[in-house]
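Asks: Sharing a structure here in structure tokens format.
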Amino acid sequence: MSVAFVPERLRGKAEVNQDTLQRLLEENDQLIRCIVEYQSKGRASDCVEYQHILHRNLIYLATIADATPPTTQKPAD
């Protein structure tokens with residue numbers, strides 16, 4: 001099950017930290033690899049579920065990015 005999946009009763013209570021984000025990025029990597037593999041074997045219909053999970057994960061990451069205030073970075077010297 002995707003780490004981005006949070007049951008309705010727990011939504012808004014999940015802690016987002018670097019470990020969670022890293023696991024999600026690694027999961028997305030695996031999902032993309034599975035999707036590419038299925039498509040290369042001509043089994044595009046078999047990868048629809050993986051595409052849905054990847055889409056949900058990407059929307060979750062985008063939501064976090066939008067809600068995160070920008071950080072001020074020092075210019076490189």
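Ordered as shown in the structure tokens, chains take letters A, B, and onward, while each chain numbers its residues from 1 and ligands are numbered from 1 in the order shown.
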Mind checking which residues fall within 10 Å of Asn28 (chain A), counting only C-alpha atoms, ignoring those fewer than 6 positions away in the same chain, and posting them as a PyMOL selection string?

Replies: chain A and resi 2+22+34+50-51+53-55+57-58

Asks: Those residues you just picked out, can you put them in a file as a PDB file, in the first residue's frame with all heavy atoms?

Replies:
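Done, and the output landed in result-v8.pdb:
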ATOM      1  N   SER A   2       0.469   2.213  -0.679  1.00  0.00           N
ATOM      2  CA  SER A   2       1.231   3.445  -0.811  1.00  0.00           C
ATOM      3  C   SER A   2       1.364   4.157   0.527  1.00  0.00           C
ATOM      4  O   SER A   2       0.428   4.194   1.323  1.00  0.00           O
ATOM      5  CB  SER A   2       0.532   4.361  -1.810  1.00  0.00           C
ATOM      6  OG  SER A   2       1.169   5.600  -1.850  1.00  0.00           O
ATOM      7  N   GLN A  22      11.240  10.508   1.583  1.00  0.00           N
ATOM      8  CA  GLN A  22      12.206   9.646   0.895  1.00  0.00           C
ATOM      9  C   GLN A  22      11.575   8.313   0.518  1.00  0.00           C
ATOM     10  O   GLN A  22      11.765   7.820  -0.597  1.00  0.00           O
ATOM     11  CB  GLN A  22      13.450   9.428   1.766  1.00  0.00           C
ATOM     12  CG  GLN A  22      14.549   8.654   1.069  1.00  0.00           C
ATOM     13  CD  GLN A  22      15.045   9.357  -0.187  1.00  0.00           C
ATOM     14  OE1 GLN A  22      15.246  10.563  -0.194  1.00  0.00           O
ATOM     15  NE2 GLN A  22      15.238   8.603  -1.255  1.00  0.00           N
ATOM     16  N   CYS A  34       7.991  -0.367 -12.731  1.00  0.00           N
ATOM     17  CA  CYS A  34       6.972  -1.395 -13.027  1.00  0.00           C
ATOM     18  C   CYS A  34       6.125  -0.978 -14.223  1.00  0.00           C
ATOM     19  O   CYS A  34       5.832  -1.802 -15.098  1.00  0.00           O
ATOM     20  CB  CYS A  34       6.067  -1.607 -11.812  1.00  0.00           C
ATOM     21  SG  CYS A  34       6.856  -2.490 -10.465  1.00  0.00           S
ATOM     22  N   TYR A  50      -0.951   0.785 -11.049  1.00  0.00           N
ATOM     23  CA  TYR A  50       0.295   1.447 -10.647  1.00  0.00           C
ATOM     24  C   TYR A  50       0.281   2.928 -11.039  1.00  0.00           C
ATOM     25  O   TYR A  50       0.784   3.780 -10.318  1.00  0.00           O
ATOM     26  CB  TYR A  50       1.502   0.761 -11.275  1.00  0.00           C
ATOM     27  CG  TYR A  50       1.682  -0.664 -10.796  1.00  0.00           C
ATOM     28  CD1 TYR A  50       1.664  -1.718 -11.699  1.00  0.00           C
ATOM     29  CD2 TYR A  50       1.863  -0.955  -9.446  1.00  0.00           C
ATOM     30  CE1 TYR A  50       1.823  -3.030 -11.275  1.00  0.00           C
ATOM     31  CE2 TYR A  50       2.011  -2.259  -9.018  1.00  0.00           C
ATOM     32  CZ  TYR A  50       1.993  -3.296  -9.925  1.00  0.00           C
ATOM     33  OH  TYR A  50       2.143  -4.576  -9.499  1.00  0.00           O
ATOM     34  N   GLN A  51      -0.310   3.230 -12.190  1.00  0.00           N
ATOM     35  CA  GLN A  51      -0.406   4.619 -12.623  1.00  0.00           C
ATOM     36  C   GLN A  51      -1.292   5.429 -11.683  1.00  0.00           C
ATOM     37  O   GLN A  51      -0.988   6.580 -11.387  1.00  0.00           O
ATOM     38  CB  GLN A  51      -0.942   4.694 -14.055  1.00  0.00           C
ATOM     39  CG  GLN A  51       0.046   4.192 -15.081  1.00  0.00           C
ATOM     40  CD  GLN A  51      -0.553   4.061 -16.468  1.00  0.00           C
ATOM     41  OE1 GLN A  51      -1.743   3.776 -16.613  1.00  0.00           O
ATOM     42  NE2 GLN A  51       0.271   4.263 -17.481  1.00  0.00           N
ATOM     43  N   ILE A  53      -1.749   4.829  -8.450  1.00  0.00           N
ATOM     44  CA  ILE A  53      -1.003   5.032  -7.205  1.00  0.00           C
ATOM     45  C   ILE A  53       0.054   6.109  -7.402  1.00  0.00           C
ATOM     46  O   ILE A  53       0.220   6.996  -6.553  1.00  0.00           O
ATOM     47  CB  ILE A  53      -0.364   3.712  -6.726  1.00  0.00           C
ATOM     48  CG1 ILE A  53      -1.449   2.689  -6.370  1.00  0.00           C
ATOM     49  CG2 ILE A  53       0.554   3.963  -5.525  1.00  0.00           C
ATOM     50  CD1 ILE A  53      -0.924   1.291  -6.143  1.00  0.00           C
ATOM     51  N   LEU A  54       0.766   6.057  -8.531  1.00  0.00           N
ATOM     52  CA  LEU A  54       1.774   7.071  -8.827  1.00  0.00           C
ATOM     53  C   LEU A  54       1.139   8.458  -8.903  1.00  0.00           C
ATOM     54  O   LEU A  54       1.664   9.423  -8.334  1.00  0.00           O
ATOM     55  CB  LEU A  54       2.487   6.742 -10.143  1.00  0.00           C
ATOM     56  CG  LEU A  54       3.534   7.753 -10.615  1.00  0.00           C
ATOM     57  CD1 LEU A  54       4.674   7.874  -9.600  1.00  0.00           C
ATOM     58  CD2 LEU A  54       4.078   7.347 -11.982  1.00  0.00           C
ATOM     59  N   HIS A  55       0.000   8.552  -9.559  1.00  0.00           N
ATOM     60  CA  HIS A  55      -0.704   9.830  -9.657  1.00  0.00           C
ATOM     61  C   HIS A  55      -1.063  10.357  -8.275  1.00  0.00           C
ATOM     62  O   HIS A  55      -0.846  11.538  -7.961  1.00  0.00           O
ATOM     63  CB  HIS A  55      -1.959   9.667 -10.519  1.00  0.00           C
ATOM     64  CG  HIS A  55      -2.748  10.923 -10.668  1.00  0.00           C
ATOM     65  ND1 HIS A  55      -3.840  11.205  -9.890  1.00  0.00           N
ATOM     66  CD2 HIS A  55      -2.580  11.983 -11.503  1.00  0.00           C
ATOM     67  CE1 HIS A  55      -4.326  12.382 -10.234  1.00  0.00           C
ATOM     68  NE2 HIS A  55      -3.583  12.875 -11.209  1.00  0.00           N
ATOM     69  N   ASN A  57       0.369   9.635  -5.432  1.00  0.00           N
ATOM     70  CA  ASN A  57       1.601  10.029  -4.750  1.00  0.00           C
ATOM     71  C   ASN A  57       2.097  11.396  -5.223  1.00  0.00           C
ATOM     72  O   ASN A  57       2.535  12.223  -4.416  1.00  0.00           O
ATOM     73  CB  ASN A  57       2.704   8.995  -4.980  1.00  0.00           C
ATOM     74  CG  ASN A  57       2.476   7.701  -4.241  1.00  0.00           C
ATOM     75  OD1 ASN A  57       1.514   7.563  -3.483  1.00  0.00           O
ATOM     76  ND2 ASN A  57       3.335   6.740  -4.470  1.00  0.00           N
ATOM     77  N   LEU A  58       2.041  11.620  -6.531  1.00  0.00           N
ATOM     78  CA  LEU A  58       2.510  12.891  -7.078  1.00  0.00           C
ATOM     79  C   LEU A  58       1.628  14.055  -6.622  1.00  0.00           C
ATOM     80  O   LEU A  58       2.139  15.139  -6.311  1.00  0.00           O
ATOM     81  CB  LEU A  58       2.573  12.817  -8.601  1.00  0.00           C
ATOM     82  CG  LEU A  58       3.634  11.860  -9.160  1.00  0.00           C
ATOM     83  CD1 LEU A  58       3.489  11.743 -10.668  1.00  0.00           C
ATOM     84  CD2 LEU A  58       5.032  12.304  -8.782  1.00  0.00           C
TER      85      LEU A  58
END

Asks: Take CA of Glu26 (chain A) and CA of Val48 (chain A) and report the distance between them in Å, one decimal.

Replies: 19.0 Å

Asks: Please compute the CA of Leu25 (chain A)-CA of Pro69 (chain A) distance, one decimal, in Å.

Replies: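 So the two atoms, CA of Leu25 (chain A) and CA of Pro69 (chain A), lie 20.4 Å apart.
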
Asks: For Asn17 (chain A), find every residue with an atom within 12 Å (counting only C-alpha atoms), except residues of its own chain fewer than 6 positions away, and show them as a ChimeraX atom specification.

Replies: /A:23-24,61,64
